[in-house]
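Encoded as structure tokens, the structure appears first; notes follow it.
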Amino acid sequence: MDKSVIATQDLCLTYQTGDGMVEALSKINLKIEEGEFVSLIGPSGCGKTTLLRAIANLETPSSGTLLVNGMGAEQARLARSYGYVFQAPALLPWRKVKDNVALPLEVMELDDVQGRVARNLELVNLKGFEEKFPWQLSGGMQQRVSIARALAFDPQLLLMDEPFGALDEIVRDKLNQQLLELWARTKKTIVFVTHSIPEAVFLSTKIIVMSPRPGRIIDMIESDLPAKRTLEIRETPAFLKIAHRVREGLKAGHSYED
């Protein structure tokens with residue numbers, strides 16, 4: 001049995017719309033190992049989020065195989081194998097920060113709720129904000145609460161769907177740095193969807209470049225950047241070389257529509 005955290009073989013996903021059948025993913029072959037930070041990047045509609053949702057058992061593949069921790073996606077979901085961070089924080093406005101983070105713990109009826117909440121709010125640098133309501137926080141802080149909530153039950157896999165896409169560049173840069181620090185501290189496996197080339201290169205150990213629909217993997221780039229990174233690395237030749245390769249892959253992918 002494959003020991004990868006995520007393994008797909010010839011994964012395809014087609015769905016029905018009012019205009020007929022749409023092929024969202026085509027023959028996705030991918031392996032993600034424990035502790036990797038993998039970004040999925042591609043144009044809008046290329047299937048990045050669809051692939052992430054398939055991993056999370058929120059979409060059902062039409063053919064091919066998909067294993068998460070050696071299990072089918074449904075088994076992995078039931079085994080609580082992953083935490084999921086959506087594009088919007090999706091916090092309950094009537095619950096305080098601590099209660100939003102505690103929500104999955106209450107649903108799963110886990111113990112040490114207060115301890116888990118405290119540890120994970122500290123992980124995302126929100127200690128002291130436990131009693132605040134979501135409307136009292138900035139957009140970046142709200143998204144950090146959603147990350148703490150996804151980590152609350154200590155999954156080894158974190159799935160993140162453009163969590164910083166709606167934030168301004170200054171806040172986004174700061175959260176990128178904090179996310180790298182969190183990844184280094186927790187050793188989680190992270191799969192991260194983004195439209196941003198600099199974000200993908202800055203965060204990732206591996207970058208998956210996808211084509212326009214039907215989504216295909218057109219390049220898989222292993223990063224040789226040091227694990228410990230500051231924003232200044234974005235000006236280095238090594239960073240720019242990887243960014244150029246990503247950009248060229250995206251340009252080549254668009255030739256499918258020519």
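How things are named: the first chain in the structure tokens is A, the next is B, and so on; residues count from 1 in each chain; ligands count from 1 in the order shown.
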| request: May I have the residues within 12 Å of Leu182 (chain A) as a list in words, using only C-alpha atoms and disregarding those fewer than 3 positions away in the same chain? | output: Phe37, Asn120, Leu121, Glu122, Leu123, Val124, Asn125, Arg144, Ile147, Ala148, Leu151, Leu158, Leu175, Asn176, Gln177, Gln178, Leu179, Arg185, Thr186, Lys187, Lys188, Thr189, Ile190, Leu203 and Lys228 of chain A
| Selection: 12 Å around Glu169 (chain A), only C-alpha atoms, excl. self and same-chain fewer than 5 positions, as a ChimeraX atom specification | /A:140,164,174-176,196,198-199
| message | Report as a list of chain:residue names all protein, DNA and RNA residues lying within 7 Å of Lys27 (chain A), evaluated on only C-alpha atoms, omitting residues in the same chain fewer than 4 positions from it. | response |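 Surrounding residues, per the criterion: A:Asp10, A:Leu11, A:Cys12, A:Arg216.
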Take the residues from that selection and put them in a file with C-alpha atoms, as an mmCIF file, in the first residue's frame.
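The result, stored in result-v3.cif:
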```
data_model
loop_
_atom_site.group_PDB
_atom_site.id
_atom_site.type_symbol
_atom_site.label_atom_id
_atom_site.label_comp_id
_atom_site.auth_asym_id
_atom_site.auth_seq_id
_atom_site.Cartn_x
_atom_site.Cartn_y
_atom_site.Cartn_z
ATOM 1 C CA ASP A 10 -5.353 8.836 -13.291
ATOM 2 C CA LEU A 11 -7.840 10.812 -11.220
ATOM 3 C CA CYS A 12 -10.651 12.295 -13.321
ATOM 4 C CA ARG A 216 -4.088 18.624 -15.767
#
```
| task | Write out as a PyMOL selection string the residues lying within 7 Å of region 77-80 of chain A, counting only C-alpha atoms and excluding same-chain residues fewer than 4 positions away. | result | chain A and resi 56-57+73+155
| Filtered DSSP result for region 99-181 of chain A, state helix (DSSP H, G or I), as an MDAnalysis selection string | chainID A and resid 99:108 113:123 134:136 139:151 169:181
| Long-range neighbours of Leu40 (chain A) as a list in words, 9 Å cut-off, only C-alpha atoms, 4 positions minimum in chain |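 Those residues are Lys48, Thr49, Leu52, Val191, Phe192, Val193, Thr194, His195, Ala200, Lys206, Ile207, Ile208, Val209 and Met210 of chain A.
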Grab the residues selected above and save them as a compact mmCIF listing (two decimals), in the first residue's frame with C-alpha atoms.
```
# COMPACT_ATOMS: atom_id res chain seq x y z
CA LYS A 48 -7.34 23.48 -8.08
CA THR A 49 -10.17 23.78 -5.59
CA LEU A 52 -8.65 19.92 -2.91
CA VAL A 191 -1.80 21.43 0.54
CA PHE A 192 -2.38 25.06 -0.40
CA VAL A 193 -4.39 26.49 -3.32
CA THR A 194 -3.30 29.88 -4.67
CA HIS A 195 -3.40 32.13 -7.73
CA ALA A 200 3.38 29.63 -4.11
CA LYS A 206 6.70 21.55 -4.11
CA ILE A 207 4.60 23.51 -6.62
CA ILE A 208 1.99 21.82 -8.82
CA VAL A 209 1.22 23.85 -11.95
CA MET A 210 -2.19 23.09 -13.48
```
Write out as CSV the residues of region 111-215 of chain A that have any atom within 7 Å of an atom of region 87-106 of chain A, one row each with the nearest atom pair and its distance in Å to one decimal, counting only C-alpha atoms, sorted by chain and then rising number.
```
residue,atom,partner,partner_atom,distance
A:Val113,CA,A:Leu105,CA,6.4
A:Val117,CA,A:Val101,CA,6.1
A:Phe129,CA,A:Val97,CA,6.9
A:Glu130,CA,A:Lys98,CA,4.7
A:Glu131,CA,A:Lys96,CA,5.6
A:Lys132,CA,A:Lys96,CA,5.4
A:Phe133,CA,A:Lys96,CA,4.5
A:Pro134,CA,A:Pro93,CA,5.7
A:Trp135,CA,A:Pro93,CA,6.9
A:Gln142,CA,A:Pro89,CA,6.0
A:Gln143,CA,A:Pro89,CA,5.0
A:Val145,CA,A:Val101,CA,6.8
A:Ser146,CA,A:Pro89,CA,5.4
A:Ala148,CA,A:Val101,CA,6.2
A:Arg149,CA,A:Val101,CA,4.1
A:Ala152,CA,A:Val101,CA,6.7
A:Phe153,CA,A:Leu105,CA,6.4
A:Asp161,CA,A:Gln87,CA,5.4
A:Glu162,CA,A:Gln87,CA,5.2
A:Pro163,CA,A:Gln87,CA,4.5
```
Take the selection from the previous step and output its residues with N, CA and C atoms, as a PDB file, in the first residue's frame.
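What landed in out_39.pdb:
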```
ATOM      1  N   VAL A 113     -10.867  20.418  25.880  1.00  0.00           N
ATOM      2  CA  VAL A 113     -11.256  21.441  24.909  1.00  0.00           C
ATOM      3  C   VAL A 113     -10.546  22.765  25.187  1.00  0.00           C
ATOM      4  N   VAL A 117      -7.888  24.591  22.653  1.00  0.00           N
ATOM      5  CA  VAL A 117      -8.185  25.926  22.140  1.00  0.00           C
ATOM      6  C   VAL A 117      -7.035  26.881  22.458  1.00  0.00           C
ATOM      7  N   PHE A 129      -7.054  37.005  22.634  1.00  0.00           N
ATOM      8  CA  PHE A 129      -8.235  37.388  21.864  1.00  0.00           C
ATOM      9  C   PHE A 129      -9.383  36.381  22.044  1.00  0.00           C
ATOM     10  N   GLU A 130      -9.272  35.511  23.035  1.00  0.00           N
ATOM     11  CA  GLU A 130     -10.241  34.436  23.227  1.00  0.00           C
ATOM     12  C   GLU A 130     -11.674  34.928  23.373  1.00  0.00           C
ATOM     13  N   GLU A 131     -11.851  36.070  24.037  1.00  0.00           N
ATOM     14  CA  GLU A 131     -13.189  36.558  24.366  1.00  0.00           C
ATOM     15  C   GLU A 131     -13.775  37.492  23.308  1.00  0.00           C
ATOM     16  N   LYS A 132     -13.028  37.748  22.233  1.00  0.00           N
ATOM     17  CA  LYS A 132     -13.508  38.628  21.179  1.00  0.00           C
ATOM     18  C   LYS A 132     -14.502  37.894  20.277  1.00  0.00           C
ATOM     19  N   PHE A 133     -15.365  38.667  19.627  1.00  0.00           N
ATOM     20  CA  PHE A 133     -16.246  38.133  18.595  1.00  0.00           C
ATOM     21  C   PHE A 133     -15.595  38.364  17.229  1.00  0.00           C
ATOM     22  N   PRO A 134     -15.947  37.559  16.207  1.00  0.00           N
ATOM     23  CA  PRO A 134     -15.322  37.721  14.883  1.00  0.00           C
ATOM     24  C   PRO A 134     -15.389  39.145  14.341  1.00  0.00           C
ATOM     25  N   TRP A 135     -16.506  39.839  14.565  1.00  0.00           N
ATOM     26  CA  TRP A 135     -16.654  41.188  14.011  1.00  0.00           C
ATOM     27  C   TRP A 135     -15.691  42.184  14.641  1.00  0.00           C
ATOM     28  N   GLN A 142      -9.279  37.047  11.582  1.00  0.00           N
ATOM     29  CA  GLN A 142     -10.356  36.074  11.409  1.00  0.00           C
ATOM     30  C   GLN A 142      -9.852  34.813  10.705  1.00  0.00           C
ATOM     31  N   GLN A 143      -9.003  35.010   9.692  1.00  0.00           N
ATOM     32  CA  GLN A 143      -8.503  33.844   8.975  1.00  0.00           C
ATOM     33  C   GLN A 143      -7.570  33.013   9.855  1.00  0.00           C
ATOM     34  N   VAL A 145      -8.021  32.669  13.042  1.00  0.00           N
ATOM     35  CA  VAL A 145      -8.944  31.895  13.890  1.00  0.00           C
ATOM     36  C   VAL A 145      -9.395  30.638  13.143  1.00  0.00           C
ATOM     37  N   SER A 146      -9.690  30.781  11.849  1.00  0.00           N
ATOM     38  CA  SER A 146     -10.137  29.614  11.073  1.00  0.00           C
ATOM     39  C   SER A 146      -9.028  28.570  10.956  1.00  0.00           C
ATOM     40  N   ALA A 148      -6.686  28.102  13.311  1.00  0.00           N
ATOM     41  CA  ALA A 148      -6.666  27.485  14.640  1.00  0.00           C
ATOM     42  C   ALA A 148      -7.780  26.461  14.771  1.00  0.00           C
ATOM     43  N   ARG A 149      -8.950  26.779  14.251  1.00  0.00           N
ATOM     44  CA  ARG A 149     -10.083  25.837  14.300  1.00  0.00           C
ATOM     45  C   ARG A 149      -9.760  24.567  13.523  1.00  0.00           C
ATOM     46  N   ALA A 152      -7.455  22.385  15.529  1.00  0.00           N
ATOM     47  CA  ALA A 152      -7.854  22.133  16.916  1.00  0.00           C
ATOM     48  C   ALA A 152      -7.813  20.662  17.291  1.00  0.00           C
ATOM     49  N   PHE A 153      -8.170  19.777  16.361  1.00  0.00           N
ATOM     50  CA  PHE A 153      -8.191  18.346  16.686  1.00  0.00           C
ATOM     51  C   PHE A 153      -6.914  17.643  16.233  1.00  0.00           C
ATOM     52  N   ASP A 161      -7.636  26.422   1.034  1.00  0.00           N
ATOM     53  CA  ASP A 161      -8.158  26.869  -0.250  1.00  0.00           C
ATOM     54  C   ASP A 161      -8.088  28.390  -0.350  1.00  0.00           C
ATOM     55  N   GLU A 162      -6.987  28.906  -0.880  1.00  0.00           N
ATOM     56  CA  GLU A 162      -6.790  30.353  -1.048  1.00  0.00           C
ATOM     57  C   GLU A 162      -7.167  31.128   0.212  1.00  0.00           C
ATOM     58  N   PRO A 163      -6.602  30.780   1.357  1.00  0.00           N
ATOM     59  CA  PRO A 163      -7.053  31.401   2.599  1.00  0.00           C
ATOM     60  C   PRO A 163      -6.729  32.889   2.708  1.00  0.00           C
TER      61      PRO A 163
END
```
| What does the distance between CA of Phe202 (chain A) and CA of Phe239 (chain A) come to in Å, to one decimal place? | 7.8 Å
| If you measure from CA of Leu167 (chain A) to CA of Ser138 (chain A), what distance in Å do you get, rounded to one decimal? |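 Spanning CA of Leu167 (chain A) to CA of Ser138 (chain A) is a straight-line distance of 9.9 Å.
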| query | What does the distance from CA of Ser26 (chain A) to CA of Thr60 (chain A) come to in Å, to one decimal? | reply | 13.5 Å
| Nearest candidate to Ile217 (chain A) (options A:Pro237, A:Leu157, A:Gly249, A:Gln16; using only C-alpha atoms) |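 Answer, going by the shortest atom-to-atom distance: A:Gly249.
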| task | Any chance you could list, as a VMD selection string, the residues in region 92-255 of chain A that come up strand (DSSP E or B) when DSSP is run on the backbone? | result | chain A and resid 157 to 161 189 to 194 206 to 210 215 217 to 222
| said: My list of candidates is A:Arg172, A:Arg229, A:Arg116, A:Lys31. Which is closest to Ala184 (chain A) when distances are computed with only C-alpha atoms? | reply: A:Arg229
